[in-house]
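Peer 1: Once you've had a glance at the structure underneath, I'll fire off some questions.
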Amino acid sequence: MTPMLSSSKLNRLGSVYRDCLSRYKSVFILYAVVLFVSGPVFLFPEVLEWMTYERRYFHGLSTEVLFHFAALILSCLLPLLLFTYINNRQAVDVYHAMPVTRDKLYWGNVLGGATILLAPYLALGIPCGIICEVLDSGTNGMLSRVFWIALGMLALYSTMVFVMVNCGTLFESIVYFGIAQLAYPLLILAVMSSLGEFTFGWEESIESGVPGFLAAFAPGYLLVNVVFGNGTTSWQVIVQQAATITAALFFGMILYRRRRSESAGSAFAFRPLFYVGALMVSITAGVGCSLIFDDYGGLMIIISAIVGVLCYFILDTVRNRGLSRVKETALVSLGGVVAVAMFYGLAHLTGTFGYEDHVPSAGVKSVAVQWNAGSENYLSSSFVMTDEANIARVIEVHEAIVENKKAIEDFYDTMGLDDELTPVEDGYIRYRFDDGSGDGWDYGNGRVTVKYTMLDGRTVSRRYNNIPLTLTQPLYQAAASGEYRNLQWIGLKEALENGDFDKADCWNFSLDRSDGWFGTDIENEVAASLAQAMIADLESRPDDWNVHPESTPISELELYPIMETGRQNMSNYSMKIYERDRNTIVWMEQHGYAIDYEQYISSAGQDIISARNETTTAVTETKPTIDYEIAYGTEVYEHTIAVLRADDRDTFWKDCKELFYFGGYDSWQSDFEKMGYNECRVMISERELDVLRSKASSHYISEEPRDVLIVDGNSFLIYPEYSAWMHEQGYTLTK
């Protein structure tokens, strides 16, 4: 310390604080220079060039990243300098012999270090952030990142101080600081992933729910979310990070008071930190191995236990600097294995502590559902439903799935080969509807993901695979509701009204045409005019169009913004185009993107095309930009095509099950023949296939069983008015 510490006014917090700043003045100056070089210096040309893309990057690395990275590095290193004396016996004796209480010595160093760390960062970061926000019209996000990263820096700094007080050497301090930042979130991730292996309906991740809540106490989690995520987080995370900072500094102070000088140079001044860190690493390694060797059954449990014990043995041997306490190591390892086994055993017996059976029947504010049946999405989680009727429908389906979970799991485990098993319990109302993907109309293969938002702000999420479609009929009603139809265009309309289309540099427009996907960049005002046409067509569709369209889509378009790096993301928009969507079709004709699947058909396809032309008309008379003949030519290729009658579906799928192909078709060149059916391989052109597919749809649900068109493994439910025509083409599957 400096000579001032010999004065009578030494035992004051301000004196220790000023002394800390004085001793580490050189660190402060160097750190401020690095921040100034990586921040404002490179910001000036950005101002002059109005934030041009070329000026934003320096040798491929954003100067903003350099600015934050320098601050984060010092957050971890500065406590090593401030408290390095406690790991040296002579130095610690000198410090503790001075007329300064340990509390003042501790807090003087902590506050002095925090000032060195945060003062230059905030003094430079806040003005730079304000400038970036002004230039980018409030969409840059640097100002908010400065705040969140400053919070994370303080959390890293506090954690390192706590670890330094607990450890007796620099080596242990660095190792167990790393364990605190990495092993803790990895432990949560490993445990949650392993629980998901056997938990019915599991839909938890380290980014949400209980795992997200627990992980948010780790500074590293906050920083990863801000740097690599969307740059924002919640006030709840502020409270959790504040709790981490407060706990680390408060308990660090208590332990600093009690720390004995003799502990300098030993591995740990306080052993509990070792047990917590070592057990976290060991359990994470063991559980991680169980996920890797999941297919090995009982052997997996043995391997996982051995790996976990081995990790603990290595860490304990390093702590003891030898094998002097092997007995203690063995006992703690055995206790850890037993505790982990009891935890997973109890989770298995209780349905993961009631998780599997929980259905939020009350207090639901809104719900978002991802409902996939066959290969199509009929409900998208992008659209949040708040209508009470739709919420009740989702809860009804959820309750039905939970009530029948054993039957569903057993049916899935046997791949439907056991005729004695039914996919739903007797007594439940069996809805009959068909999407073309399953045997008849009872089974099918639906996937449902539900996310409830409760009135108190909590979220409850579940994911279910291989759900019998007979249980999901209320979702059909939700997908056919006026609320869900409106949700598909209201967001686009709000974006127009809020001026979002003017915030992008330009928009990328992509269209699925006869020659494949075509993409180009269009100006903001052109994209806005397309959005208006899309809204008009989407708004005019019947409520049930999403699940029962009257025709097959003739194309699909995508529209997404192109923005400079670092700016706030905006939504992407997509739309399936039908012949009735005249506003969108006219817009494309006017801008040179016409769709034409009817013209330029060669004579090889005239017979099959003529039948279609009796009931449908061409979308437009405008010639496409790329000629259809050039796109496809006249070549024919071998395909497997079959038309399956509704009455034969149960028998056909039973034959498939016997070949272990439940839920799909694997070998399209031979399976039909193996099951005793007629030859289904034909030579056909892509144009003829287009005509066949136009009379059926994969995006269609019927509440009555329908005939199915099978093309190379893809199932298409045939529109009723075209069933007779399909069988006339000679593709009917017979045995």
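Residue numbers start at 1 in each chain; chains themselves are named A, B, ... in the order of the structure tokens; ligands are numbered from 1 in the order shown.
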List as a PyMOL selection string the protein and nucleic acid residues near Thr84 of chain A, meaning an atom at most 9 Å away when only C-alpha atoms are counted, but skip any in the same chain fewer than 5 places from it.
Peer 2: chain A and resi 79+164+169-170
Peer 1: Select, from A:Gly336, A:Gly298, A:Pro272, A:Gly457, the residue with the minimum atom-to-atom distance to Gln236 of chain A, counting only C-alpha atoms.
Peer 2: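 Ranked by minimum distance to Gln236 of chain A, first place goes to A:Gly457.
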Peer 1: Please provide the set of residues having any atom within 9 Å of Ser529 of chain A, restricted to only C-alpha atoms, with same-chain residues fewer than 5 positions apart removed, written as a ChimeraX atom specification.
Peer 2: /A:524,534,587
Peer 1: Determine the nearest neighbour of His96 of chain A from the options A:Thr459, A:Arg260, A:Ile29, A:Ser694, counting only C-alpha atoms.
Peer 2: A:Arg260
Peer 1: Between atom CA of Ser263 of chain A and atom CA of Asp93 of chain A, what is the distance, to one decimal in Å?
Peer 2: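 Computing the Euclidean distance for atom CA of Ser263 of chain A and atom CA of Asp93 of chain A yields 11.5 Å.
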Peer 1: Please list as a list in words every residue within 8 Å of Phe509 of chain A, counting only C-alpha atoms and excluding residues in the same chain fewer than 4 positions away.
Peer 2: Gly519, Thr520, Asp521, Ile522, Ala527, Leu557, Glu558, Leu559 and Tyr560 of chain A
Peer 1: Would you mind reading off the distance between atom CA of Arg89 of chain A and atom CA of Ser266 of chain A, one decimal, in Å?
Peer 2: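 Going from atom CA of Arg89 of chain A over to atom CA of Ser266 of chain A, I get 10.2 Å.
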Peer 1: Please provide the set of residues having any atom within 9 Å of Arg319 of chain A, restricted to only C-alpha atoms, with same-chain residues fewer than 2 positions apart removed, written as a ChimeraX atom specification.
Peer 2: /A:172,266-268,274,314-317,321-322
Peer 1: Could you take the residues named above and write them with all heavy atoms, as a compact mmCIF listing (two decimals), in the first residue's frame?
Peer 2:
# COMPACT_ATOMS: atom_id res chain seq x y z
N GLU A 172 -6.63 -22.31 -8.28
CA GLU A 172 -7.99 -22.71 -7.89
C GLU A 172 -9.00 -21.60 -8.15
O GLU A 172 -10.15 -21.85 -8.52
CB GLU A 172 -8.03 -23.10 -6.42
CG GLU A 172 -7.90 -24.59 -6.14
CD GLU A 172 -6.46 -25.08 -6.25
OE1 GLU A 172 -5.55 -24.22 -6.20
OE2 GLU A 172 -6.24 -26.29 -6.38
N SER A 266 -2.87 -22.60 0.43
CA SER A 266 -3.59 -23.88 0.38
C SER A 266 -4.64 -23.81 -0.72
O SER A 266 -4.98 -22.73 -1.20
CB SER A 266 -4.24 -24.19 1.73
OG SER A 266 -5.14 -23.16 2.09
N ALA A 267 -5.18 -24.98 -1.10
CA ALA A 267 -6.12 -25.01 -2.22
C ALA A 267 -7.36 -24.18 -1.94
O ALA A 267 -7.80 -23.39 -2.79
CB ALA A 267 -6.49 -26.45 -2.55
N PHE A 268 -7.94 -24.35 -0.75
CA PHE A 268 -9.18 -23.66 -0.42
C PHE A 268 -9.12 -23.12 1.00
O PHE A 268 -8.70 -23.82 1.92
CB PHE A 268 -10.39 -24.60 -0.56
CG PHE A 268 -10.75 -24.93 -1.98
CD1 PHE A 268 -10.19 -26.04 -2.59
CD2 PHE A 268 -11.61 -24.14 -2.69
CE1 PHE A 268 -10.50 -26.35 -3.89
CE2 PHE A 268 -11.93 -24.43 -4.00
CZ PHE A 268 -11.37 -25.54 -4.61
N PHE A 274 -15.45 -26.02 -2.88
CA PHE A 274 -14.94 -27.17 -3.62
C PHE A 274 -16.02 -28.21 -3.84
O PHE A 274 -16.20 -28.71 -4.96
CB PHE A 274 -13.76 -27.82 -2.89
CG PHE A 274 -13.49 -29.21 -3.37
CD1 PHE A 274 -12.86 -29.43 -4.58
CD2 PHE A 274 -13.91 -30.32 -2.63
CE1 PHE A 274 -12.65 -30.72 -5.05
CE2 PHE A 274 -13.70 -31.60 -3.08
CZ PHE A 274 -13.07 -31.81 -4.30
N ILE A 314 -10.73 -37.02 -9.66
CA ILE A 314 -9.64 -36.19 -10.20
C ILE A 314 -9.60 -34.83 -9.51
O ILE A 314 -8.54 -34.36 -9.08
CB ILE A 314 -9.80 -36.03 -11.72
CG1 ILE A 314 -9.59 -37.38 -12.42
CG2 ILE A 314 -8.82 -34.99 -12.26
CD1 ILE A 314 -9.91 -37.36 -13.90
N LEU A 315 -10.76 -34.17 -9.38
CA LEU A 315 -10.81 -32.85 -8.76
C LEU A 315 -10.41 -32.91 -7.29
O LEU A 315 -9.71 -32.02 -6.78
CB LEU A 315 -12.22 -32.26 -8.90
CG LEU A 315 -12.64 -31.86 -10.32
CD1 LEU A 315 -14.10 -31.47 -10.36
CD2 LEU A 315 -11.78 -30.71 -10.83
N ASP A 316 -10.83 -33.96 -6.58
CA ASP A 316 -10.48 -34.08 -5.16
C ASP A 316 -9.00 -34.38 -4.98
O ASP A 316 -8.37 -33.92 -4.02
CB ASP A 316 -11.33 -35.18 -4.52
CG ASP A 316 -11.41 -35.02 -3.01
OD1 ASP A 316 -11.26 -33.87 -2.52
OD2 ASP A 316 -11.61 -36.02 -2.31
N THR A 317 -8.43 -35.16 -5.89
CA THR A 317 -7.00 -35.46 -5.82
C THR A 317 -6.18 -34.19 -6.04
O THR A 317 -5.17 -33.96 -5.36
CB THR A 317 -6.63 -36.52 -6.88
OG1 THR A 317 -7.38 -37.71 -6.63
CG2 THR A 317 -5.14 -36.84 -6.82
N ARG A 321 -3.77 -32.40 -3.37
CA ARG A 321 -2.39 -32.51 -3.84
C ARG A 321 -1.85 -33.92 -3.61
O ARG A 321 -0.70 -34.14 -3.23
CB ARG A 321 -1.48 -31.49 -3.15
CG ARG A 321 -1.90 -30.03 -3.27
CD ARG A 321 -1.93 -29.57 -4.72
NE ARG A 321 -2.06 -28.12 -4.82
CZ ARG A 321 -3.20 -27.49 -5.07
NH1 ARG A 321 -4.33 -28.19 -5.21
NH2 ARG A 321 -3.24 -26.17 -5.18
N GLY A 322 -2.72 -34.92 -3.84
CA GLY A 322 -2.31 -36.31 -3.66
C GLY A 322 -3.49 -37.18 -3.27
O GLY A 322 -4.65 -36.76 -3.30
Peer 1: Which residue out of A:Val237, A:Ala389, A:Ala479, A:Met98 has the minimum interatomic distance to Pro219 of chain A when only C-alpha atoms are used?
Peer 2: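 Selected residue with least distance to Pro219 of chain A: A:Val237.
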